[in-house]
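Q: So here's upload-v2.txt (compact mmCIF, C-alpha atoms).
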# COMPACT_ATOMS: atom_id res chain seq x y z
CA MET Y 1 -81.70 21.75 -33.71
CA SER Y 2 -84.65 21.21 -31.39
CA THR Y 3 -84.74 19.65 -27.95
CA CYS Y 4 -87.28 16.90 -27.48
CA CYS Y 5 -87.75 13.70 -25.52
CA ILE Y 6 -85.89 10.61 -26.61
CA SER Y 7 -89.24 8.86 -27.22
CA GLY Y 8 -90.23 11.69 -29.54
CA LEU Y 9 -93.66 12.43 -28.14
CA ALA Y 10 -93.62 11.68 -24.39
CA ARG Y 11 -95.16 14.46 -22.31
CA ASN Y 12 -93.56 13.90 -18.92
CA CYS Y 13 -90.09 13.03 -20.08
CA LYS Y 14 -87.39 14.01 -17.56
CA LYS Y 15 -84.35 13.05 -19.63
CA LYS Y 16 -84.05 15.29 -22.65
CA LYS Y 17 -81.61 14.92 -25.48
CA LYS Y 18 -80.81 17.08 -28.47
CA LEU Y 19 -81.95 15.35 -31.59
CA THR Y 20 -81.21 15.97 -35.21
CA PRO Y 21 -84.16 16.92 -37.43
CA ALA Y 22 -84.05 13.41 -38.96
CA MET Y 23 -84.24 11.79 -35.51
CA THR Y 24 -87.18 14.02 -34.57
CA TRP Y 25 -89.05 12.97 -37.72
CA ILE Y 26 -88.35 9.33 -36.92
CA GLY Y 27 -90.10 9.68 -33.55
CA LEU Y 28 -93.04 11.56 -35.03
CA LEU Y 29 -93.58 9.29 -38.00
CA GLN Y 30 -93.35 6.06 -35.99
CA GLY Y 31 -96.44 7.26 -34.13
CA VAL Y 32 -98.45 7.12 -37.35
CA GLY Y 33 -97.14 3.75 -38.49
CA ILE Y 34 -94.29 4.86 -40.74
CA LEU Y 35 -90.83 3.42 -40.22
CA LEU Y 36 -87.80 5.45 -41.20
CA ILE Y 37 -84.52 3.73 -41.90
CA ALA Y 38 -81.58 6.11 -41.60
CA SER Y 39 -77.98 5.80 -42.63
CA GLN Y 40 -75.18 8.34 -42.89
CA THR Y 41 -75.89 9.00 -46.54
CA ASN Y 42 -79.63 8.69 -46.96
CA LEU Y 43 -83.01 8.51 -45.28
CA ARG Y 44 -85.52 5.98 -46.58
CA VAL Y 45 -89.21 5.78 -45.66
CA GLU Y 46 -91.09 2.49 -45.41
CA SER Y 47 -94.79 2.61 -44.74
CA ARG Y 48 -96.67 -0.15 -42.98
CA GLU Y 49 -100.33 0.69 -42.78
CA ILE Y 50 -101.93 -0.21 -39.48
CA ASP Y 51 -105.49 -1.43 -39.80
CA VAL Y 52 -107.66 -2.86 -37.07
CA PRO Y 53 -111.19 -3.34 -38.47
CA PHE Y 54 -113.52 -2.04 -35.79
CA PRO Y 55 -116.10 -2.29 -34.30
CA PRO Y 56 -117.11 -5.94 -34.18
CA ALA Y 57 -120.75 -6.73 -34.96
CA ARG Y 58 -123.29 -7.58 -32.31
CA PRO Y 59 -123.83 -11.36 -32.21
CA THR Y 60 -127.06 -12.49 -33.85
CA THR Y 61 -128.62 -15.80 -34.84
CA LEU Y 62 -127.37 -15.10 -38.37
CA ASN Y 63 -123.68 -14.49 -37.58
CA LEU Y 64 -123.39 -16.86 -34.60
CA PRO Y 65 -122.41 -19.93 -36.68
CA ALA Y 66 -119.47 -17.97 -38.15
CA ILE Y 67 -118.51 -16.54 -34.75
CA CYS Y 68 -118.10 -20.07 -33.44
CA SER Y 69 -116.79 -21.90 -36.50
CA GLN Y 70 -114.50 -19.32 -38.11
CA GLY Y 71 -112.82 -17.79 -35.06
CA GLN Y 72 -109.32 -18.98 -35.99
CA GLY Y 73 -109.66 -17.27 -39.37
CA ARG Y 74 -110.26 -13.77 -38.00
CA PRO Y 75 -107.36 -11.45 -37.22
CA ARG Y 76 -105.68 -11.21 -33.82
CA TYR Y 77 -103.24 -8.51 -32.95
CA PRO Y 78 -100.12 -9.47 -30.99
CA GLU Y 79 -97.85 -6.65 -29.77
CA SER Y 80 -95.50 -7.34 -32.70
CA PHE Y 81 -98.23 -6.09 -35.07
CA PHE Y 82 -97.67 -2.49 -33.98
CA PRO Y 83 -94.77 -0.05 -34.27
CA ARG Y 84 -92.69 0.41 -31.12
CA SER Y 85 -94.48 3.63 -30.25
CA GLY Y 86 -97.69 5.38 -31.17
CA ALA Y 87 -100.91 3.97 -32.62
CA GLY Y 88 -102.57 3.96 -29.18
CA HIS Y 89 -106.12 4.07 -30.52
CA PHE Y 90 -105.40 1.07 -32.79
CA ARG Y 91 -103.82 -0.76 -29.85
CA ARG Y 92 -106.95 -0.26 -27.74
CA ARG Y 93 -109.16 -1.49 -30.59
CA ALA Y 94 -106.91 -4.52 -31.08
CA LYS Y 95 -107.01 -5.30 -27.37
CA ALA Y 96 -110.82 -5.22 -27.49
CA ILE Y 97 -110.85 -7.56 -30.52
CA ASN Y 98 -108.37 -9.97 -28.90
CA ARG Y 99 -110.37 -9.95 -25.67
CA LEU Y 100 -113.65 -10.50 -27.52
CA GLU Y 101 -112.34 -13.39 -29.63
CA SER Y 102 -111.01 -15.07 -26.48
CA TRP Y 103 -114.37 -14.71 -24.77
CA TYR Y 104 -116.23 -15.90 -27.87
CA ALA Y 105 -114.15 -19.08 -27.79
CA HIS Y 106 -115.33 -19.63 -24.20
CA CYS Y 107 -118.97 -19.06 -25.18
CA CYS Y 108 -118.82 -21.36 -28.18
CA CYS Y 109 -117.71 -24.25 -25.96
CA LEU Y 110 -120.77 -24.09 -23.70
CA ASP Y 111 -122.46 -27.43 -23.26
CA THR Y 112 -125.97 -26.82 -22.00
CA GLU Y 113 -129.46 -28.12 -22.70
CA ASP Y 114 -130.49 -25.18 -24.91
CA ARG Y 115 -127.03 -24.66 -26.38
CA ASP Y 116 -127.88 -22.24 -29.24
CA ALA Y 117 -129.76 -19.82 -27.00
CA ALA Y 118 -127.06 -20.01 -24.30
CA VAL Y 119 -124.21 -19.44 -26.77
CA LEU Y 120 -126.02 -16.48 -28.31
CA CYS Y 121 -126.68 -14.96 -24.89
CA CYS Y 122 -123.07 -15.57 -23.83
CA THR Y 123 -121.60 -14.00 -26.97
CA ARG Y 124 -123.84 -10.96 -26.56
CA GLN Y 125 -122.67 -10.56 -22.97
CA ALA Y 126 -119.05 -10.93 -24.12
CA TRP Y 127 -119.60 -8.31 -26.85
CA LYS Y 128 -121.04 -5.77 -24.41
CA GLN Y 129 -118.39 -6.42 -21.76
CA ALA Y 130 -115.49 -6.23 -24.23
CA LEU Y 131 -116.75 -2.98 -25.77
CA GLY Y 132 -117.61 -1.58 -22.33
CA GLN Y 133 -114.01 -2.30 -21.22
CA PHE Y 134 -112.77 -0.70 -24.46
CA CYS Y 135 -114.68 2.49 -23.55
CA ILE Y 136 -113.22 2.50 -20.04
CA GLU Y 137 -109.74 2.28 -21.60
CA GLU Y 138 -110.64 5.03 -24.11
CA PHE Y 139 -111.65 7.38 -21.30
CA GLY Y 140 -108.36 6.63 -19.55
CA THR Y 141 -106.46 8.48 -22.30
CA MET Y 142 -106.06 12.15 -23.15
CA THR Y 143 -106.95 11.59 -26.81
CA ALA Y 144 -110.29 11.96 -28.56
CA HIS Y 145 -112.57 9.12 -27.49
CA TYR Y 146 -114.26 6.69 -29.84
CA GLU Y 147 -117.63 8.17 -30.82
CA CYS Y 148 -119.78 5.29 -29.53
CA CYS Y 149 -118.13 5.44 -26.10
CA ARG Y 150 -119.57 8.93 -25.59
CA LYS Y 151 -123.10 7.48 -25.80
CA GLN Y 152 -125.01 5.73 -23.00
CA GLY Y 153 -127.23 2.65 -22.70
CA ASP Y 154 -128.86 1.20 -25.80
CA GLU Y 155 -127.69 4.17 -27.86
CA ARG Y 156 -124.07 3.07 -27.25
CA TRP Y 157 -124.74 -0.51 -28.40
CA THR Y 158 -126.67 0.65 -31.47
CA CYS Y 159 -123.75 2.91 -32.36
CA PHE Y 160 -121.25 0.06 -32.02
CA ASP Y 161 -123.48 -2.12 -34.21
CA SER Y 162 -123.39 0.30 -37.16
CA GLU Y 163 -120.86 0.78 -39.98
CA LEU Y 164 -119.44 -2.68 -39.43
CA PRO Y 165 -116.36 -3.87 -41.33
CA ASN Y 166 -117.27 -7.58 -40.97
CA PRO Y 167 -120.92 -7.96 -39.86
CA ASP Y 168 -120.98 -11.66 -40.76
CA TYR Y 169 -117.74 -12.52 -38.90
CA LEU Y 170 -116.28 -14.10 -42.00
CA ALA Y 171 -112.78 -15.50 -41.87
CA THR Y 172 -109.93 -13.85 -43.75
CA PRO Y 173 -108.95 -16.26 -46.55
CA GLY Y 174 -105.61 -17.94 -45.88
CA TYR Y 175 -105.26 -16.43 -42.39
CA ILE Y 176 -104.72 -18.56 -39.28
CA ALA Y 177 -104.80 -16.69 -35.98
CA PRO Y 178 -101.69 -16.89 -33.83
CA THR Y 179 -101.97 -18.43 -30.39
CA MET Y 180 -102.99 -15.68 -28.01
CA PRO Y 181 -103.28 -15.73 -24.24
CA VAL Y 182 -106.73 -16.37 -22.79
CA GLU Y 183 -108.25 -13.08 -21.69
CA PRO Y 184 -109.46 -13.17 -18.08
CA ASP Y 185 -112.36 -11.32 -16.43
CA PHE Y 186 -115.31 -12.73 -18.33
CA ALA Y 187 -117.96 -14.73 -16.58
CA PHE Y 188 -121.09 -15.70 -18.44
CA ASP Y 189 -124.25 -15.03 -16.42
CA PRO Y 190 -126.99 -17.40 -17.68
CA ILE Y 191 -129.49 -15.75 -15.33
CA ALA Y 192 -129.21 -12.53 -17.39
CA CYS Y 193 -130.45 -14.28 -20.55
Any chance you could give the structure as structure tokens?
A:
Amino acid sequence: MSTCCISGLARNCKKKKKLTPAMTWIGLLQGVGILLIASQTNLRVESREIDVPFPPARPTTLNLPAICSQGQGRPRYPESFFPRSGAGHFRRRAKAINRLESWYAHCCCLDTEDRDAAVLCCTRQAWKQALGQFCIEEFGTMTAHYECCRKQGDERWTCFDSELPNPDYLATPGYIAPTMPVEPDFAFDPIAC
């Protein structure tokens, strides 16, 4: 029987407890999105695949109408979407998507003289700020960092705008986004347009 932290994978755990091999596997497998259900007589595995399509596409004149009109049809990721532990890189991606969708909603409500140009500029600023914040959060972890975050300047943004899972920002059929809190810390700067 091995000794490991109650959480299964915590590094600086002070309280240690002897776990059975089955309990150890439960902690390890939860980190990769697999839920184990144990009873005295059997051990059953249920898999729930975690998927957070990433990265989001750079806003353009072509995808802007969908960004603004189909926002409620694109996935959001509340905490309940994830297993109790693990999946940190998916959590950071989800946080970036949630933040970005919140900021897009702000941009799409702009009421200015040259609305289309202002909304496009605003969504581009939101995209860069959300992905920039994502990279800051990536570098705050001890795991491998997202490839694009290791790049600088325009090279970073070009990287993020490649291999896109949903370049047109199309809605997921039949999906309605849950109510999510408004993400703070975005201020559109029309002077930068």
Q: Could you build a table of the residues in range 70-140 of chain Y lying no more than 10 Å from range 152-163 of chain Y, giving for each the nearest pair of atoms and their separation in Å rounded to one decimal place, using all atoms listed in the file, ordered by chain and ascending residue number, as JSON lines?
A:
{"residue": "Y:Trp127", "atom": "CA", "partner": "Y:Trp157", "partner_atom": "CA", "distance": 9.5}
{"residue": "Y:Lys128", "atom": "CA", "partner": "Y:Trp157", "partner_atom": "CA", "distance": 7.6}
{"residue": "Y:Leu131", "atom": "CA", "partner": "Y:Phe160", "partner_atom": "CA", "distance": 8.3}
{"residue": "Y:Gly132", "atom": "CA", "partner": "Y:Arg156", "partner_atom": "CA", "distance": 9.4}
Q: What's the separation between CA of Asp111 in chain Y and CA of Phe188 in chain Y, in Å to one decimal place?
A: 12.8 Å
Q: Which residue gives the smallest distance to Ala57 in chain Y among Y:Leu164, Y:Ile97, Y:Cys135, Y:Cys122, with all atoms listed in the file counted?
A: Y:Leu164
Q: Do you know which residues are at most 9 Å from Thr172 in chain Y counting all atoms listed in the file, after dropping those on the same chain fewer than 4 positions away, and could you put them as a PyMOL selection string?
A: chain Y and resi 73-75+176
Q: Skipping near chain neighbours, those fewer than 5 positions away, what residues fall within 12 Å of Ala177 in chain Y using only C-alpha atoms, listed as a ChimeraX atom specification?
A: /Y:70-78,98,101-102,171-172
Q: Report, in Å to a single decimal, how far apart CA of Tyr175 in chain Y and CA of Asn63 in chain Y are.
A: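 Here the two named atoms are 19.1 Å from each other.
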Q: Nearest to Tyr146 in chain Y: which of Y:Cys107, Y:Phe134, Y:Ile50, Y:Leu64 is it, counting all atoms listed in the file?
A: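 Under the stated criterion, the closest residue is Y:Phe134.
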Q: Quick one, how far is CA of His106 in chain Y from CA of Arg58 in chain Y?
A: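 Result for CA of His106 in chain Y versus CA of Arg58 in chain Y: 16.6 Å, one decimal.
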Q: So that I can check the surroundings of Ile191 in chain Y, please list as a list in words every protein, DNA and RNA residue that reaches within 12 Å of it, counting all atoms listed in the file and ignoring chain neighbours fewer than 4 positions away.
A: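 Contacts, with the query itself left out: Ala118, Cys121, Cys122, Gln125 and Ala187 of chain Y.
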Q: From the options Y:Leu170, Y:Leu110, Y:Ala144, Y:Leu120, which residue's atoms come nearest to Pro56 in chain Y, counting only C-alpha atoms?
A: Y:Leu170
Q: Hey, which of Y:Leu62, Y:Val52, Y:Ala105, Y:Ala96 ends up closest to Phe81 in chain Y? Count all atoms listed in the file.
A: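 Once distances to Phe81 in chain Y are computed over all atoms listed in the file, the minimum belongs to Y:Val52.
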Q: Y:Arg99, Y:Arg115, Y:His89, Y:Arg124: which is nearest Thr143 in chain Y, counting all atoms listed in the file?
A: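 Of Y:Arg99, Y:Arg115, Y:His89, Y:Arg124, the one nearest Thr143 in chain Y is Y:His89, counting all atoms listed in the file.
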Q: Between Y:Ile67, Y:Pro53, Y:Thr60, Y:Thr123, single out the one closest to Phe186 in chain Y, counting all atoms listed in the file.
A: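 When distances to Phe186 in chain Y are compared using all atoms listed in the file, the smallest one comes from Y:Thr123.
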Q: Some atoms are missing, so please complete range 115-139 of chain Y with N, CA, C and O atoms and return it as a compact mmCIF listing (two decimals), in the frame of the given file.
A:
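Heads up, here's the output in out-v8.txt:
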# COMPACT_ATOMS: atom_id res chain seq x y z
N ARG Y 115 -128.35 -25.17 -26.03
CA ARG Y 115 -127.03 -24.66 -26.38
C ARG Y 115 -127.08 -23.41 -27.25
O ARG Y 115 -126.39 -22.43 -26.97
N ASP Y 116 -127.86 -23.39 -28.32
CA ASP Y 116 -127.88 -22.24 -29.24
C ASP Y 116 -128.27 -20.95 -28.53
O ASP Y 116 -127.62 -19.92 -28.71
N ALA Y 117 -129.32 -21.01 -27.73
CA ALA Y 117 -129.76 -19.82 -27.00
C ALA Y 117 -128.70 -19.39 -25.98
O ALA Y 117 -128.43 -18.18 -25.82
N ALA Y 118 -128.08 -20.34 -25.30
CA ALA Y 118 -127.06 -20.01 -24.30
C ALA Y 118 -125.82 -19.41 -24.95
O ALA Y 118 -125.26 -18.42 -24.45
N VAL Y 119 -125.39 -19.97 -26.07
CA VAL Y 119 -124.21 -19.44 -26.77
C VAL Y 119 -124.49 -18.03 -27.29
O VAL Y 119 -123.65 -17.14 -27.16
N LEU Y 120 -125.67 -17.82 -27.84
CA LEU Y 120 -126.02 -16.48 -28.31
C LEU Y 120 -126.04 -15.48 -27.15
O LEU Y 120 -125.47 -14.39 -27.26
N CYS Y 121 -126.64 -15.85 -26.06
CA CYS Y 121 -126.68 -14.96 -24.89
C CYS Y 121 -125.27 -14.68 -24.37
O CYS Y 121 -124.92 -13.54 -24.06
N CYS Y 122 -124.45 -15.71 -24.30
CA CYS Y 122 -123.07 -15.57 -23.83
C CYS Y 122 -122.26 -14.65 -24.74
O CYS Y 122 -121.55 -13.76 -24.26
N THR Y 123 -122.37 -14.85 -26.05
CA THR Y 123 -121.60 -14.00 -26.97
C THR Y 123 -122.06 -12.55 -26.91
O THR Y 123 -121.25 -11.63 -27.04
N ARG Y 124 -123.35 -12.33 -26.70
CA ARG Y 124 -123.84 -10.96 -26.56
C ARG Y 124 -123.31 -10.31 -25.29
O ARG Y 124 -122.94 -9.13 -25.28
N GLN Y 125 -123.25 -11.09 -24.21
CA GLN Y 125 -122.67 -10.56 -22.97
C GLN Y 125 -121.18 -10.25 -23.17
O GLN Y 125 -120.68 -9.22 -22.72
N ALA Y 126 -120.48 -11.15 -23.85
CA ALA Y 126 -119.05 -10.93 -24.12
C ALA Y 126 -118.85 -9.67 -24.96
O ALA Y 126 -117.94 -8.87 -24.69
N TRP Y 127 -119.69 -9.49 -25.97
CA TRP Y 127 -119.60 -8.31 -26.85
C TRP Y 127 -119.77 -7.03 -26.06
O TRP Y 127 -118.96 -6.10 -26.18
N LYS Y 128 -120.80 -6.98 -25.21
CA LYS Y 128 -121.04 -5.77 -24.41
C LYS Y 128 -119.92 -5.53 -23.41
O LYS Y 128 -119.47 -4.40 -23.22
N GLN Y 129 -119.46 -6.59 -22.76
CA GLN Y 129 -118.39 -6.42 -21.76
C GLN Y 129 -117.08 -5.99 -22.41
O GLN Y 129 -116.38 -5.12 -21.89
N ALA Y 130 -116.75 -6.58 -23.55
CA ALA Y 130 -115.49 -6.23 -24.23
C ALA Y 130 -115.53 -4.78 -24.71
O ALA Y 130 -114.55 -4.03 -24.56
N LEU Y 131 -116.65 -4.36 -25.29
CA LEU Y 131 -116.75 -2.98 -25.77
C LEU Y 131 -116.89 -2.00 -24.61
O LEU Y 131 -116.39 -0.87 -24.68
N GLY Y 132 -117.54 -2.42 -23.53
CA GLY Y 132 -117.61 -1.58 -22.33
C GLY Y 132 -116.21 -1.36 -21.76
O GLY Y 132 -115.86 -0.23 -21.38
N GLN Y 133 -115.40 -2.42 -21.70
CA GLN Y 133 -114.01 -2.30 -21.22
C GLN Y 133 -113.20 -1.42 -22.17
O GLN Y 133 -112.38 -0.62 -21.73
N PHE Y 134 -113.44 -1.56 -23.47
CA PHE Y 134 -112.77 -0.70 -24.46
C PHE Y 134 -113.06 0.77 -24.14
O PHE Y 134 -112.16 1.61 -24.16
N CYS Y 135 -114.32 1.09 -23.84
CA CYS Y 135 -114.68 2.49 -23.55
C CYS Y 135 -114.01 2.97 -22.27
O CYS Y 135 -113.54 4.12 -22.20
N ILE Y 136 -113.92 2.12 -21.27
CA ILE Y 136 -113.22 2.50 -20.04
C ILE Y 136 -111.77 2.84 -20.37
O ILE Y 136 -111.22 3.85 -19.89
N GLU Y 137 -111.12 2.02 -21.20
CA GLU Y 137 -109.74 2.28 -21.60
C GLU Y 137 -109.63 3.54 -22.45
O GLU Y 137 -108.67 4.30 -22.33
N GLU Y 138 -110.62 3.80 -23.30
CA GLU Y 138 -110.64 5.03 -24.11
C GLU Y 138 -110.68 6.26 -23.22
O GLU Y 138 -109.98 7.23 -23.45
N PHE Y 139 -111.52 6.23 -22.18
CA PHE Y 139 -111.65 7.38 -21.30
C PHE Y 139 -110.45 7.55 -20.38
O PHE Y 139 -110.29 8.58 -19.74
